[in-house]
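File shown: entry00.pdb. Contents: PDB, C-alpha atoms, pLDDT in the B column.
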MODEL        1
ATOM      1  CA  MET A   1       0.000   0.000   0.000  1.00 94.00           C
ATOM      2  CA  ARG A   2       1.274   3.449  -0.934  1.00 97.00           C
ATOM      3  CA  VAL A   3       0.229   6.361   1.260  1.00 98.00           C
ATOM      4  CA  VAL A   4       0.963  10.084   1.260  1.00 98.00           C
ATOM      5  CA  ILE A   5       0.989  11.707   4.707  1.00 98.00           C
ATOM      6  CA  LYS A   6       0.836  15.489   4.900  1.00 97.00           C
ATOM      7  CA  VAL A   7       1.881  17.224   8.096  1.00 95.00           C
ATOM      8  CA  GLY A   8       0.899  20.829   8.691  1.00 87.00           C
ATOM      9  CA  THR A   9       2.910  23.601  10.300  1.00 85.00           C
ATOM     10  CA  SER A  10       0.705  23.596  13.391  1.00 84.00           C
ATOM     11  CA  THR A  11       1.517  19.921  13.954  1.00 87.00           C
ATOM     12  CA  LEU A  12       5.277  20.362  13.649  1.00 88.00           C
ATOM     13  CA  THR A  13       5.849  23.578  15.577  1.00 81.00           C
ATOM     14  CA  HIS A  14       4.879  25.434  18.699  1.00 79.00           C
ATOM     15  CA  GLN A  15       2.985  28.686  18.251  1.00 71.00           C
ATOM     16  CA  ASN A  16       6.243  30.650  18.378  1.00 66.00           C
ATOM     17  CA  GLY A  17       7.544  28.723  15.373  1.00 65.00           C
ATOM     18  CA  ASN A  18      10.050  26.620  17.256  1.00 75.00           C
ATOM     19  CA  ILE A  19       9.997  22.913  16.521  1.00 81.00           C
ATOM     20  CA  ASN A  20       7.744  20.718  18.659  1.00 89.00           C
ATOM     21  CA  ILE A  21      10.427  18.178  19.482  1.00 90.00           C
ATOM     22  CA  ARG A  22       8.272  15.592  21.226  1.00 93.00           C
ATOM     23  CA  ARG A  23       5.664  15.544  18.471  1.00 94.00           C
ATOM     24  CA  ILE A  24       8.053  15.331  15.532  1.00 95.00           C
ATOM     25  CA  GLU A  25      10.013  12.571  17.298  1.00 96.00           C
ATOM     26  CA  ASN A  26       6.803  10.593  17.803  1.00 97.00           C
ATOM     27  CA  LEU A  27       5.722  11.239  14.231  1.00 97.00           C
ATOM     28  CA  CYS A  28       8.972   9.922  12.778  1.00 98.00           C
ATOM     29  CA  LYS A  29       8.876   6.903  15.093  1.00 98.00           C
ATOM     30  CA  VAL A  30       5.322   5.964  14.068  1.00 98.00           C
ATOM     31  CA  MET A  31       5.986   6.474  10.362  1.00 98.00           C
ATOM     32  CA  SER A  32       9.168   4.407  10.632  1.00 98.00           C
ATOM     33  CA  ASP A  33       7.215   1.602  12.266  1.00 98.00           C
ATOM     34  CA  LEU A  34       4.522   1.734   9.593  1.00 98.00           C
ATOM     35  CA  LYS A  35       7.214   1.703   6.938  1.00 98.00           C
ATOM     36  CA  ASN A  36       8.713  -1.366   8.608  1.00 97.00           C
ATOM     37  CA  SER A  37       5.316  -3.059   8.282  1.00 97.00           C
ATOM     38  CA  GLY A  38       5.552  -2.753   4.502  1.00 96.00           C
ATOM     39  CA  LEU A  39       3.828   0.546   3.746  1.00 97.00           C
ATOM     40  CA  GLU A  40       5.303   2.816   1.099  1.00 98.00           C
ATOM     41  CA  ILE A  41       5.219   6.296   2.605  1.00 98.00           C
ATOM     42  CA  ILE A  42       5.648   9.710   1.019  1.00 98.00           C
ATOM     43  CA  LEU A  43       5.715  12.604   3.471  1.00 98.00           C
ATOM     44  CA  VAL A  44       4.567  16.071   2.453  1.00 97.00           C
ATOM     45  CA  SER A  45       5.839  18.398   5.135  1.00 93.00           C
ATOM     46  CA  SER A  46       5.069  22.011   5.852  1.00 86.00           C
ATOM     47  CA  GLY A  47       7.071  23.980   8.383  1.00 85.00           C
ATOM     48  CA  ALA A  48      10.051  25.444   6.536  1.00 87.00           C
ATOM     49  CA  ILE A  49       8.957  29.076   6.765  1.00 85.00           C
ATOM     50  CA  ALA A  50       7.768  28.675  10.364  1.00 83.00           C
ATOM     51  CA  MET A  51      11.054  27.086  11.404  1.00 84.00           C
ATOM     52  CA  GLY A  52      12.954  29.850   9.664  1.00 88.00           C
ATOM     53  CA  ILE A  53      10.878  32.421  11.519  1.00 86.00           C
ATOM     54  CA  GLY A  54      11.684  30.703  14.803  1.00 82.00           C
ATOM     55  CA  LYS A  55      15.373  30.498  14.039  1.00 86.00           C
ATOM     56  CA  LEU A  56      15.459  34.189  13.080  1.00 87.00           C
ATOM     57  CA  GLY A  57      13.685  35.120  16.302  1.00 84.00           C
ATOM     58  CA  LEU A  58      10.782  36.792  14.515  1.00 84.00           C
ATOM     59  CA  THR A  59       7.427  36.996  16.281  1.00 77.00           C
ATOM     60  CA  LYS A  60       5.232  36.687  13.205  1.00 80.00           C
ATOM     61  CA  LYS A  61       5.273  35.620   9.579  1.00 82.00           C
ATOM     62  CA  PRO A  62       6.863  38.208   7.247  1.00 84.00           C
ATOM     63  CA  GLN A  63       4.547  39.780   4.695  1.00 85.00           C
ATOM     64  CA  ASP A  64       7.001  40.525   1.881  1.00 86.00           C
ATOM     65  CA  ILE A  65       8.064  37.781  -0.516  1.00 82.00           C
ATOM     66  CA  PRO A  66      11.879  38.131  -0.117  1.00 86.00           C
ATOM     67  CA  SER A  67      11.599  37.744   3.679  1.00 88.00           C
ATOM     68  CA  LYS A  68       9.315  34.718   3.338  1.00 85.00           C
ATOM     69  CA  GLN A  69      11.734  33.141   0.880  1.00 86.00           C
ATOM     70  CA  ALA A  70      14.698  33.886   3.150  1.00 90.00           C
ATOM     71  CA  ALA A  71      12.877  32.299   6.094  1.00 88.00           C
ATOM     72  CA  ALA A  72      12.076  29.281   3.923  1.00 87.00           C
ATOM     73  CA  ALA A  73      15.723  28.882   2.907  1.00 91.00           C
ATOM     74  CA  ILE A  74      16.814  28.878   6.552  1.00 92.00           C
ATOM     75  CA  GLY A  75      13.946  26.733   7.783  1.00 89.00           C
ATOM     76  CA  GLN A  76      14.194  24.085   5.053  1.00 91.00           C
ATOM     77  CA  CYS A  77      17.706  23.250   6.205  1.00 92.00           C
ATOM     78  CA  GLU A  78      16.490  22.863   9.785  1.00 89.00           C
ATOM     79  CA  LEU A  79      13.486  20.812   8.698  1.00 92.00           C
ATOM     80  CA  MET A  80      15.444  18.311   6.611  1.00 95.00           C
ATOM     81  CA  TYR A  81      18.248  18.048   9.175  1.00 94.00           C
ATOM     82  CA  THR A  82      15.645  17.126  11.787  1.00 93.00           C
ATOM     83  CA  TYR A  83      13.926  14.537   9.594  1.00 96.00           C
ATOM     84  CA  ASP A  84      17.228  13.032   8.469  1.00 97.00           C
ATOM     85  CA  LYS A  85      18.425  12.640  12.048  1.00 97.00           C
ATOM     86  CA  LEU A  86      15.178  11.211  13.424  1.00 97.00           C
ATOM     87  CA  PHE A  87      14.485   8.760  10.592  1.00 98.00           C
ATOM     88  CA  GLN A  88      18.112   7.633  10.590  1.00 97.00           C
ATOM     89  CA  GLU A  89      17.661   6.590  14.224  1.00 97.00           C
ATOM     90  CA  HIS A  90      15.167   4.023  12.896  1.00 97.00           C
ATOM     91  CA  ASN A  91      17.375   3.024   9.942  1.00 97.00           C
ATOM     92  CA  HIS A  92      15.400   4.844   7.279  1.00 98.00           C
ATOM     93  CA  THR A  93      16.859   7.087   4.589  1.00 98.00           C
ATOM     94  CA  VAL A  94      15.038  10.232   3.508  1.00 98.00           C
ATOM     95  CA  ALA A  95      15.197  12.319   0.336  1.00 98.00           C
ATOM     96  CA  GLN A  96      14.215  15.937  -0.214  1.00 96.00           C
ATOM     97  CA  VAL A  97      11.960  16.809  -3.153  1.00 95.00           C
ATOM     98  CA  LEU A  98      11.080  20.485  -3.668  1.00 92.00           C
ATOM     99  CA  MET A  99       8.345  21.410  -6.142  1.00 91.00           C
ATOM    100  CA  THR A 100       6.602  24.475  -7.553  1.00 87.00           C
ATOM    101  CA  GLY A 101       3.306  24.813  -9.379  1.00 86.00           C
ATOM    102  CA  ALA A 102       5.232  25.177 -12.634  1.00 87.00           C
ATOM    103  CA  ASP A 103       6.688  21.694 -12.125  1.00 90.00           C
ATOM    104  CA  PHE A 104       3.195  20.213 -12.031  1.00 90.00           C
ATOM    105  CA  ASP A 105       2.051  22.256 -15.029  1.00 89.00           C
ATOM    106  CA  ASN A 106       4.982  21.187 -17.209  1.00 91.00           C
ATOM    107  CA  ALA A 107       4.352  17.654 -18.513  1.00 94.00           C
ATOM    108  CA  GLU A 108       8.029  16.698 -18.767  1.00 95.00           C
ATOM    109  CA  ARG A 109       8.946  17.967 -15.310  1.00 94.00           C
ATOM    110  CA  TYR A 110       5.879  16.362 -13.765  1.00 93.00           C
ATOM    111  CA  GLU A 111       6.811  13.048 -15.381  1.00 96.00           C
ATOM    112  CA  ASN A 112      10.338  13.398 -13.995  1.00 95.00           C
ATOM    113  CA  PHE A 113       8.856  14.034 -10.557  1.00 95.00           C
ATOM    114  CA  LYS A 114       6.714  10.900 -10.729  1.00 95.00           C
ATOM    115  CA  ASN A 115       9.622   8.788 -11.989  1.00 96.00           C
ATOM    116  CA  THR A 116      11.853  10.068  -9.191  1.00 96.00           C
ATOM    117  CA  LEU A 117       9.267   9.227  -6.542  1.00 96.00           C
ATOM    118  CA  ASP A 118       8.871   5.720  -7.962  1.00 96.00           C
ATOM    119  CA  ARG A 119      12.608   5.118  -7.970  1.00 97.00           C
ATOM    120  CA  LEU A 120      13.073   6.479  -4.438  1.00 98.00           C
ATOM    121  CA  LEU A 121      10.381   4.110  -3.191  1.00 97.00           C
ATOM    122  CA  GLU A 122      12.036   1.246  -5.065  1.00 97.00           C
ATOM    123  CA  PHE A 123      15.217   2.127  -3.154  1.00 97.00           C
ATOM    124  CA  ASN A 124      13.180   1.935   0.087  1.00 97.00           C
ATOM    125  CA  VAL A 125      13.738   5.657   0.654  1.00 98.00           C
ATOM    126  CA  LEU A 126      11.158   7.917   2.286  1.00 98.00           C
ATOM    127  CA  PRO A 127      10.629  10.984   0.030  1.00 98.00           C
ATOM    128  CA  ILE A 128       9.867  14.261   1.803  1.00 97.00           C
ATOM    129  CA  VAL A 129       8.078  16.736  -0.458  1.00 96.00           C
ATOM    130  CA  ASN A 130       7.622  20.446   0.135  1.00 91.00           C
ATOM    131  CA  GLU A 131       6.920  23.481  -1.977  1.00 87.00           C
ATOM    132  CA  ASN A 132      10.073  25.274  -3.081  1.00 85.00           C
ATOM    133  CA  ASP A 133       9.177  28.464  -1.218  1.00 71.00           C
ATOM    134  CA  THR A 134      12.653  29.895  -1.742  1.00 73.00           C
ATOM    135  CA  ILE A 135      12.021  30.485  -5.451  1.00 72.00           C
ATOM    136  CA  ALA A 136       8.252  30.155  -5.910  1.00 61.00           C
ATOM    137  CA  THR A 137       6.300  33.361  -6.473  1.00 59.00           C
ATOM    138  CA  SER A 138       2.558  33.827  -6.744  1.00 56.00           C
ATOM    139  CA  GLU A 139       2.617  32.995 -10.450  1.00 45.00           C
ATOM    140  CA  ILE A 140       4.201  29.559  -9.971  1.00 44.00           C
ATOM    141  CA  LYS A 141       3.184  28.576  -6.433  1.00 62.00           C
ATOM    142  CA  VAL A 142       0.961  25.632  -5.677  1.00 68.00           C
ATOM    143  CA  GLY A 143      -0.006  27.840  -2.753  1.00 66.00           C
ATOM    144  CA  ASP A 144      -0.594  25.389   0.074  1.00 83.00           C
ATOM    145  CA  ASN A 145       0.642  21.958   1.043  1.00 89.00           C
ATOM    146  CA  ASP A 146      -2.841  20.447   1.235  1.00 93.00           C
ATOM    147  CA  THR A 147      -3.160  20.906  -2.522  1.00 92.00           C
ATOM    148  CA  LEU A 148       0.487  19.921  -3.008  1.00 93.00           C
ATOM    149  CA  SER A 149      -0.098  16.669  -1.127  1.00 95.00           C
ATOM    150  CA  ALA A 150      -3.155  15.831  -3.246  1.00 96.00           C
ATOM    151  CA  MET A 151      -1.267  16.502  -6.468  1.00 94.00           C
ATOM    152  CA  THR A 152       1.632  14.415  -5.159  1.00 96.00           C
ATOM    153  CA  ALA A 153      -0.699  11.569  -4.186  1.00 97.00           C
ATOM    154  CA  VAL A 154      -2.295  11.528  -7.637  1.00 95.00           C
ATOM    155  CA  GLY A 155       1.091  11.619  -9.369  1.00 94.00           C
ATOM    156  CA  ALA A 156       2.400   8.827  -7.143  1.00 95.00           C
ATOM    157  CA  HIS A 157      -0.722   6.663  -7.720  1.00 95.00           C
ATOM    158  CA  ALA A 158      -1.134   6.485  -3.956  1.00 97.00           C
ATOM    159  CA  ASP A 159      -3.889   4.451  -2.342  1.00 96.00           C
ATOM    160  CA  LEU A 160      -4.598   7.003   0.382  1.00 97.00           C
ATOM    161  CA  LEU A 161      -3.834  10.587   1.389  1.00 98.00           C
ATOM    162  CA  ILE A 162      -3.802  11.502   5.085  1.00 98.00           C
ATOM    163  CA  LEU A 163      -3.814  15.153   6.158  1.00 97.00           C
ATOM    164  CA  LEU A 164      -2.621  15.554   9.744  1.00 95.00           C
ATOM    165  CA  SER A 165      -3.873  18.861  11.047  1.00 90.00           C
ATOM    166  CA  ASP A 166      -4.783  20.651  14.289  1.00 86.00           C
ATOM    167  CA  ILE A 167      -8.444  19.636  14.024  1.00 87.00           C
ATOM    168  CA  ASP A 168     -10.112  16.224  14.249  1.00 91.00           C
ATOM    169  CA  GLY A 169     -11.799  16.518  10.865  1.00 92.00           C
ATOM    170  CA  LEU A 170     -14.735  18.272   9.198  1.00 92.00           C
ATOM    171  CA  TYR A 171     -17.488  19.351  11.586  1.00 91.00           C
ATOM    172  CA  THR A 172     -21.100  20.372  11.124  1.00 88.00           C
ATOM    173  CA  ALA A 173     -20.087  23.788  12.510  1.00 84.00           C
ATOM    174  CA  ASP A 174     -17.022  25.471  13.956  1.00 80.00           C
ATOM    175  CA  PRO A 175     -16.275  23.387  17.102  1.00 81.00           C
ATOM    176  CA  HIS A 176     -14.388  26.336  18.614  1.00 77.00           C
ATOM    177  CA  LYS A 177     -17.564  28.431  18.521  1.00 81.00           C
ATOM    178  CA  GLN A 178     -20.428  25.937  18.756  1.00 83.00           C
ATOM    179  CA  SER A 179     -20.421  23.264  21.453  1.00 84.00           C
ATOM    180  CA  ASP A 180     -23.002  21.164  19.611  1.00 87.00           C
ATOM    181  CA  ALA A 181     -20.812  20.799  16.487  1.00 87.00           C
ATOM    182  CA  THR A 182     -20.335  17.150  15.553  1.00 92.00           C
ATOM    183  CA  LEU A 183     -17.658  15.428  13.529  1.00 93.00           C
ATOM    184  CA  ILE A 184     -18.667  14.219  10.080  1.00 94.00           C
ATOM    185  CA  PRO A 185     -17.158  10.718   9.732  1.00 95.00           C
ATOM    186  CA  SER A 186     -17.364  10.385   5.947  1.00 94.00           C
ATOM    187  CA  VAL A 187     -18.068  12.463   2.846  1.00 95.00           C
ATOM    188  CA  ASP A 188     -18.633  11.054  -0.643  1.00 91.00           C
ATOM    189  CA  LYS A 189     -19.415  14.312  -2.422  1.00 91.00           C
ATOM    190  CA  ILE A 190     -18.196  17.856  -1.902  1.00 91.00           C
ATOM    191  CA  ASP A 191     -21.183  20.059  -2.627  1.00 89.00           C
ATOM    192  CA  GLU A 192     -22.033  23.646  -1.759  1.00 87.00           C
ATOM    193  CA  HIS A 193     -23.182  22.678   1.738  1.00 87.00           C
ATOM    194  CA  ILE A 194     -19.894  20.932   2.524  1.00 89.00           C
ATOM    195  CA  MET A 195     -17.915  23.915   1.254  1.00 88.00           C
ATOM    196  CA  GLU A 196     -19.948  26.232   3.495  1.00 85.00           C
ATOM    197  CA  LEU A 197     -18.760  24.225   6.508  1.00 84.00           C
ATOM    198  CA  ALA A 198     -15.143  25.040   5.710  1.00 79.00           C
ATOM    199  CA  GLY A 199     -15.154  28.607   6.967  1.00 68.00           C
ATOM    200  CA  THR A 200     -11.782  30.342   6.709  1.00 49.00           C
ATOM    201  CA  ALA A 201      -8.573  30.261   8.634  1.00 47.00           C
ATOM    202  CA  GLY A 202      -5.338  28.469   9.242  1.00 46.00           C
ATOM    203  CA  THR A 203      -2.878  29.395  11.929  1.00 43.00           C
ATOM    204  CA  LYS A 204      -0.856  32.586  11.839  1.00 42.00           C
ATOM    205  CA  LEU A 205       2.221  30.581  10.847  1.00 35.00           C
ATOM    206  CA  GLY A 206       0.536  28.231   8.366  1.00 40.00           C
ATOM    207  CA  THR A 207      -1.122  28.794   5.008  1.00 40.00           C
ATOM    208  CA  GLY A 208      -3.943  26.271   5.077  1.00 47.00           C
ATOM    209  CA  GLY A 209      -7.396  25.894   6.558  1.00 78.00           C
ATOM    210  CA  MET A 210     -10.408  23.695   5.903  1.00 87.00           C
ATOM    211  CA  VAL A 211     -11.011  25.259   2.477  1.00 88.00           C
ATOM    212  CA  THR A 212      -7.659  24.035   1.149  1.00 90.00           C
ATOM    213  CA  LYS A 213      -8.311  20.612   2.671  1.00 93.00           C
ATOM    214  CA  LEU A 214     -11.622  20.331   0.864  1.00 93.00           C
ATOM    215  CA  ASN A 215      -9.956  21.395  -2.371  1.00 93.00           C
ATOM    216  CA  ALA A 216      -7.421  18.621  -1.822  1.00 95.00           C
ATOM    217  CA  ALA A 217     -10.239  16.192  -1.089  1.00 96.00           C
ATOM    218  CA  GLN A 218     -11.914  17.067  -4.389  1.00 95.00           C
ATOM    219  CA  ILE A 219      -8.690  16.291  -6.264  1.00 95.00           C
ATOM    220  CA  CYS A 220      -8.508  12.909  -4.527  1.00 96.00           C
ATOM    221  CA  ILE A 221     -12.184  12.091  -5.016  1.00 96.00           C
ATOM    222  CA  ASP A 222     -11.922  12.837  -8.728  1.00 95.00           C
ATOM    223  CA  ALA A 223      -8.896  10.521  -8.916  1.00 95.00           C
ATOM    224  CA  GLY A 224     -10.753   7.699  -7.142  1.00 95.00           C
ATOM    225  CA  MET A 225      -8.588   7.978  -4.026  1.00 96.00           C
ATOM    226  CA  ASP A 226      -9.684   8.218  -0.391  1.00 97.00           C
ATOM    227  CA  MET A 227      -8.447  11.078   1.781  1.00 97.00           C
ATOM    228  CA  ILE A 228      -8.582  11.399   5.566  1.00 97.00           C
ATOM    229  CA  ILE A 229      -8.361  14.524   7.715  1.00 96.00           C
ATOM    230  CA  ALA A 230      -7.162  13.627  11.215  1.00 96.00           C
ATOM    231  CA  ASN A 231      -5.724  15.388  14.239  1.00 94.00           C
ATOM    232  CA  GLY A 232      -1.933  15.167  14.242  1.00 93.00           C
ATOM    233  CA  SER A 233      -1.446  16.189  17.874  1.00 91.00           C
ATOM    234  CA  ASN A 234      -0.950  12.491  18.681  1.00 92.00           C
ATOM    235  CA  PRO A 235       0.840  10.789  15.746  1.00 95.00           C
ATOM    236  CA  THR A 236      -0.278   7.335  16.961  1.00 96.00           C
ATOM    237  CA  VAL A 237      -3.568   8.180  15.255  1.00 97.00           C
ATOM    238  CA  LEU A 238      -1.847   6.768  12.161  1.00 98.00           C
ATOM    239  CA  TYR A 239      -1.896   3.316  13.793  1.00 98.00           C
ATOM    240  CA  ASP A 240      -5.664   3.611  14.284  1.00 97.00           C
ATOM    241  CA  ILE A 241      -6.143   4.488  10.610  1.00 97.00           C
ATOM    242  CA  PHE A 242      -4.253   1.443   9.382  1.00 96.00           C
ATOM    243  CA  ASP A 243      -5.936  -0.756  11.984  1.00 96.00           C
ATOM    244  CA  GLY A 244      -9.202   0.074  10.230  1.00 94.00           C
ATOM    245  CA  LYS A 245     -10.657   2.283  12.956  1.00 95.00           C
ATOM    246  CA  SER A 246     -12.865   5.247  12.145  1.00 93.00           C
ATOM    247  CA  VAL A 247     -10.654   8.300  12.497  1.00 95.00           C
ATOM    248  CA  GLY A 248     -11.369  11.909  11.565  1.00 95.00           C
ATOM    249  CA  THR A 249     -13.233  12.523   8.319  1.00 96.00           C
ATOM    250  CA  ARG A 250     -12.759  10.178   5.368  1.00 97.00           C
ATOM    251  CA  PHE A 251     -13.515  11.441   1.877  1.00 97.00           C
ATOM    252  CA  ILE A 252     -14.484   8.557  -0.414  1.00 95.00           C
ATOM    253  CA  GLY A 253     -12.959   8.344  -3.896  1.00 92.00           C
ATOM    254  CA  LYS A 254     -15.408   8.075  -6.796  1.00 80.00           C
ATOM    255  CA  ASP A 255     -14.212   4.655  -7.933  1.00 70.00           C
ATOM    256  CA  ASN A 256     -14.525   3.055  -4.487  1.00 52.00           C
TER     257      ASN A 256
ENDMDL
END
Is it possible to express this structure as structure tokens?
Amino acid sequence: MRVVIKVGTSTLTHQNGNINIRRIENLCKVMSDLKNSGLEIILVSSGAIAMGIGKLGLTKKPQDIPSKQAAAAIGQCELMYTYDKLFQEHNHTVAQVLMTGADFDNAERYENFKNTLDRLLEFNVLPIVNENDTIATSEIKVGDNDTLSAMTAVGAHADLLILLSDIDGLYTADPHKQSDATLIPSVDKIDEHIMELAGTAGTKLGTGGMVTKLNAAQICIDAGMDMIIANGSNPTVLYDIFDGKSVGTRFIGKDN
């Protein structure tokens, strides 16, 4: 089974942008164990800009593009160093793959991307994909890693996409504002009503929100692939998913 796991900035870092050491250690341990069980795993990881912000001692995300790109350049080094060290402790090799929207739009480059992923998995390597924020501008950005993970999952012919976020899944209303909001366990069609439930948002350090997750879900549904939104605060939730338990919100691919 081939799975793409996307981890958001809020899962990887504290609110000040510094790395959440305990959580990322647990995440790498669980993914290593799942990989040992025979799963092929591709990780799509946010966090480069946030880590760069933390390392620079900034209190908030820069607004100008050069500063964001500088933060990304600094943070990407920190991010990959951390993953390399933690996965190596469990005898797994990682590879960095940086993409822009232009890479997906160009047929030859997209084919090269897919071929590289296939070969890395053949080598038993764990690819770590992120947007190339150091060079991407608004004209060539994918824009958010929820969409990036869906496009990666489709290109990799994955069986499942898992989005680990700071929320349990899609609710009937905003659970932070309405105590009677209930989790929606499964969705087989994204219609106007479902989109209305998305609201806005994302954290001050991240770029996503429920809207981008639903856009990613639509990409997966159209490709006949399931997608799950789950809370990444406890990475062992991944065990529950592969044990067949009902976790978060599952979006059902059309062909299933």
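Between atom CA of Asp188 of chain A and atom CA of Ile42 of chain A the separation is 24.4 Å.
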### Task
For the structure provided, state which residues fall under the PyMOL selection byres ((chain A and resi 214) around 12), and present them as a ChimeraX atom specification.
/A:146-147,150,163,169-170,187-200,208-213,215-221,227-229,249-251
### Message
Suppose a student applies the PyMOL selection byres ((chain A and resi 255) around 9) to this structure; what residues should they get, written as a ChimeraX atom specification?
### Response
/A:221-225,252-254,256
### Selection dump of the PyMOL selection byres ((chain A and resi 98) around 7), as an MDAnalysis selection string
chainID A and resid 96:97 99 129:132
### Summary
One decimal place gives the atom CA of Glu78 of chain A-atom CA of Leu56 of chain A separation as 11.8 Å
### Query
With only C-alpha atoms as the basis for distance, which of A:Ile241, A:Leu34, A:Leu86, A:Ile65 is at the shortest distance from Arg22 of chain A?
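Closest residue, counting only C-alpha atoms: A:Leu86.
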### Query
For Ile128 of chain A, which residue out of A:Tyr171, A:Phe104, A:Phe87, A:Phe242 is the nearest one, using all atoms listed in the file?
A:Phe87
### Shortest interatomic distance to Leu148 of chain A - which of A:Ala73, A:Val44, A:Val94, A:Ala107, counting only C-alpha atoms
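Of A:Ala73, A:Val44, A:Val94, A:Ala107, the one nearest Leu148 of chain A is A:Val44, counting only C-alpha atoms.
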### Query
Around (4.3, 2.1, 0.9) in the file's frame, which residues reach within 7 Å when counting only C-alpha atoms? Return as a list of chain:residue names?
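Final list of nearby residues, as requested, is A:Met1, A:Arg2, A:Val3, A:Lys35, A:Gly38, A:Leu39, A:Glu40, A:Ile41.
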Keeping only C-alpha atoms, write those residues as a PDB file, in the coordinates of the input.
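So selection02.pdb came out as:
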ATOM      1  CA  MET A   1       0.000   0.000   0.000  1.00 94.00           C
ATOM      2  CA  ARG A   2       1.274   3.449  -0.934  1.00 97.00           C
ATOM      3  CA  VAL A   3       0.229   6.361   1.260  1.00 98.00           C
ATOM      4  CA  LYS A  35       7.214   1.703   6.938  1.00 98.00           C
ATOM      5  CA  GLY A  38       5.552  -2.753   4.502  1.00 96.00           C
ATOM      6  CA  LEU A  39       3.828   0.546   3.746  1.00 97.00           C
ATOM      7  CA  GLU A  40       5.303   2.816   1.099  1.00 98.00           C
ATOM      8  CA  ILE A  41       5.219   6.296   2.605  1.00 98.00           C
TER       9      ILE A  41
END
### Message
I'd like the interatomic distance between atom CA of Thr152 of chain A and atom CA of Leu164 of chain A, to a tenth of an Å.
### Response
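About the pair atom CA of Thr152 of chain A and atom CA of Leu164 of chain A: they are 15.5 Å apart.
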### Task
Could you tell me which of A:Asn112, A:Ser46, A:Gln63, A:Ser10 comes closest to Asp133 of chain A if we count all atoms listed in the file?
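Of all the options, A:Ser46 lies closest to Asp133 of chain A.
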### Message
Give me, as a list in words, all polymer residues having an atom no more than 6 Å from Met51 of chain A, counting only C-alpha atoms and skipping those fewer than 2 positions away in the same chain.
### Response
Gly17, Asn18, Gly47, Ala48, Ile49, Ile53, Gly54 and Gly75 of chain A
### Query
Any idea what's packed within 9 Å of Gly232 of chain A, counting only C-alpha atoms, ignoring anything in its chain fewer than 2 positions away? Could you give it as a VMD selection string?
chain A and resid 7 to 8 10 to 12 23 27 163 to 168 230 234 to 238
### Message
Could you list, as an NGL selection string, every residue within 9 Å of Ser32 of chain A, counting only C-alpha atoms and ignoring same-chain residues fewer than 3 positions away?
### Response
:A and (27-29 or 35-37 or 87 or 90-92)
### Message
Restricting the calculation to all atoms listed in the file: of A:Met80, A:Val30, A:Ile74, A:Leu126, which residue gets closest to Leu43 of chain A?
### Response
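The shortest atom-to-atom distance to Leu43 of chain A comes from A:Leu126.
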Draw an axis-aligned box tight on the listed atoms of segment 117-124 of chain A, then pad every side by 6 Å and write out centre and edge lengths in Å to one decimal as AutoDock Vina command-line options.
--center_x 12.0 --center_y 5.2 --center_z -3.9 --size_x 18.3 --size_y 20.0 --size_z 20.1
